[in-house]
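Q: Here it is: the structure, laid out below.
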Amino acid sequence: MSTSAPTPSVNSPSSSSPHWPAHLSPHLSIPQTNLFYNAEVSAARYPDKPFIVFYDTPITFAQFKDEAERVAGYLQQECGVKAGDRVLLYMQNSPQWVIAYYGILRANAVVVPVNPMNLTEELAHYVEDSGATTAFVAQDLYPRIAPLVREGEGEGLKHLLVATYSDYLKCEPFSPPPEFVSAPRSVSGPGVAHWVDVLEAYCVPGALTAGPDDLCVMPYTSGTTGKPKGCMHTHRSVMATAVGGCNWFGSNQDAVQLSVLPLFHVTGMQGGMNSPIYNGSTVVLLPRWDRDAAARAIEHYRINGWQAISTMVVDFISNPRIHEYDLSSLAWMRGGGATMPDAVVKKLKDLTGLDFVEGYGMSETMAGTHINPPQRPKPQCLGIPVFDVDSRVIDPITLEEVPPGESGELIMHAPQVMQGYWRNPKATSEAFIERDGKRFLRTGDLVRRDEEGYYFMTDRLKRMINASGYKVWPAEVEALMYRHPAINEVCIIGTQDARRGETVKAVVVLDPQQVGSVNEDDIIAWAHDNMAAYKAPRVVQFVDALPKSGSGKILWRKLQEEEAEARSNA
């Protein structure tokens, strides 16, 4: 399958928007190397420079490369990982997350990043679908994945490489870390090898053979079918947005940025890890969001900028102590996931003097395909197509292009687009269409393009809920909810939430024999125990029956419209 740069067209960014940054070419030459080569280059150029700072403990570029190579050697020699094998990466933001990611790549294998909110039932699908036999896991998450270890012959996990965050607390931190970070090593069990033992084995990896068109990373995304699907990204497609981000924002080796977006997500992965490695710049890692920890870090490390989602920014600027911190080093803030409300944009501008630069991307595109020009951003805007992105708006029924200003489905041909869904040719076929001899990804998002070439979201073609920037796919949640013995039928819809923007609501028909024995709070508590917190319904409504079509299909859109009307009248 070809991954060459798209052929320039009339839809190229330089011709579709007069506000394309004047100093940038619309074409980006992507390095023809594997991603690990970026770590080798930065280690050679800046061996003693801190790449990661974790609660005042620095990890230099030379140390990072050395430890990633030792991890790679262990994967090959002790875990039997071969070129192209998938390896799970399941932990919070930490030095071990980044080192493990590049260790997997150095072993010529494929990273499968997993949301640390996922529970055992959800993890089982990742293991089964990817065929992984080895996983990196943090000790705070170990109890969730331990039941999936299978000793002896057959499929399933055989090796768990367990990381203890406190192994990298080697200097007195200026700000106290949370308990789960400072906890001492405590895990033992079948298949377990501790991170320190992996490093101290000093295994030397074999030759680095992965090329630009070999698989690199497989983030999973869900959809209308419910089961998460692996997005197959090559070293080339990952390199496209890693290098593209550096060029778009003019970042350099002396930048210091806050990396607090989850690294398992493509936006945090690219902006908070892969771009800085390519640049040779420094990242200050926080394991999870904490508004005071973020403000203290900005002041202490003189951080230049950070990527955020709207809920982080809202929380950050609403901190009653925010004026106690020196934020003067901040030069940029950017992100996506959900549009930033006007009032929040103004408060951020008043507080920092900065515009929030929004962008748009998907797991299928390894982060950004559209970003606002930093010199002229528009609020609540996806931005303009970036390097080599052929972006079009079509009627989702006729598949014909619509005129500027009209709403239609966004489709894209670009170097950062995935190869397809792992072991799922049907879903892959449904995700792409052909145009002018090129392969376009159907995003399922309805947008309009204004007269200046900026794109704005208008609606969703796909059934999806955006909760605090996390995509929640109702079919997946419904499949999990049906495991509750009292639920006869369920329909998942979105509802407004003051903090999350949207949140998850379950409309439930109980088994007649269970009516009176279970209440709404029971269902909510069960859901939180059985699925990732961001997916779990926070609102439950019991009804006698769900509306259905003549063929018996649940009319989820009718329920969604009724919910929206009820909220607007509240």
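By convention here, the chains of the structure tokens are called A, B, ... in the order presented, each chain's residues are numbered starting at 1, and ligands are numbered starting at 1 in the order presented.
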Could you please write out, as a VMD selection string, every residue of range 141-241 of chain A that DSSP assigns to helix (DSSP H, G or I)?

A: chain A and resid 142 to 148 165 to 168 179 to 182 195 to 200 235 to 241

Q: Which value, in Å to one decimal, gives the distance between CA of Gln514 in chain A and CA of Glu489 in chain A?

A: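 Computing it gives 12.6 Å between the two atoms.
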
Q: Just want the 10 Å neighbourhood of Gln496 in chain A, counted on only C-alpha atoms, with same-chain residues fewer than 3 positions away dropped. Output as a list in words.

A: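 In the requested form, the answer reads Ala467, Arg499, Arg500, Gly501, Glu502, Thr503, Val504, Lys505, Glu563, Ala564, Arg567 and Ser568 of chain A.
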
Q: Which residue is closest to Gln307 in chain A? Choose from A:Thr133, A:Gln139, A:Asn466, A:Gln257 and count only C-alpha atoms.

A: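 Nearest to Gln307 in chain A: A:Gln257.
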
Q: Can you pull out the residues contacting range 52-65 of chain A? Cut-off 6 Å, using only C-alpha atoms, and skip same-chain residues under 3 positions away; I want them as a compact mmCIF listing (two decimals) with C-alpha atoms, in the first residue's frame.

A:
# COMPACT_ATOMS: atom_id res chain seq x y z
CA ALA A 43 21.45 11.64 21.86
CA PRO A 47 23.95 13.83 25.11
CA ASP A 48 23.94 15.67 28.45
CA LYS A 49 20.83 17.74 27.87
CA ALA A 68 15.64 2.24 25.49
CA LYS A 170 16.21 10.20 42.27
CA CYS A 171 16.30 13.88 43.24
CA PRO A 173 11.33 17.08 44.10
CA THR A 282 12.93 19.16 26.98
CA VAL A 283 9.61 17.90 28.36
CA VAL A 284 8.43 18.21 31.93
CA LEU A 285 6.25 15.15 32.54

Q: Could you pull the residues within 7 Å of Met412 in chain A, counting only C-alpha atoms, minus those fewer than 6 positions along the same chain, as a VMD selection string?

A: chain A and resid 389 to 392 440 to 442

Q: Go ahead and save the residues from that selection, with C-alpha atoms, as a PDB file, in the first residue's frame.

A:
ATOM      1  CA  VAL A 389      -3.263  17.377   3.379  1.00  0.00           C
ATOM      2  CA  ASP A 390      -5.795  17.203   0.561  1.00  0.00           C
ATOM      3  CA  SER A 391      -8.968  18.016   2.467  1.00  0.00           C
ATOM      4  CA  ARG A 392     -12.434  18.002   0.891  1.00  0.00           C
ATOM      5  CA  PHE A 440      -9.428   9.408   1.106  1.00  0.00           C
ATOM      6  CA  LEU A 441     -10.298   8.733   4.747  1.00  0.00           C
ATOM      7  CA  ARG A 442     -13.924   9.371   5.667  1.00  0.00           C
TER       8      ARG A 442
END

Q: Determine which residues of range 224-397 of chain A DSSP labels as strand (DSSP E) from the backbone of this structure, then write them out as JSON, numbers by chain.

A: {"A": [229, 230, 233, 234, 256, 257, 258, 259, 282, 283, 284, 285, 305, 306, 307, 308, 309, 332, 333, 334, 335, 336, 356, 357, 358, 359, 360, 361, 362, 367, 368, 369, 370, 371, 384, 385, 390, 391, 392, 393, 394]}

Q: With the cut-off set at 10 Å and counting only C-alpha atoms, tabulate each residue of range 199-291 of chain A with an atom at most that distance from an atom of range 22-27 of chain A, showing the nearest atom pair and its distance in Å to one decimal, ordered by chain and increasing number, as a tab-separated table.

A:
residue	atom	partner	partner_atom	distance
A:Gly244	CA	A:His27	CA	9.9
A:Asn247	CA	A:Leu24	CA	7.8
A:Trp248	CA	A:Leu24	CA	7.7
A:Gly250	CA	A:Leu24	CA	9.9

Q: Counting only C-alpha atoms, which of A:Thr134, A:Ser188, A:Ser328, A:Thr495 gets nearest to Glu562 in chain A?

A: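 The closest residue to Glu562 in chain A is A:Thr495.
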
Q: Quick one: distance from CA of Arg45 in chain A to CA of Gly272 in chain A in Å, one decimal?

A: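 The value is 19.9 Å.
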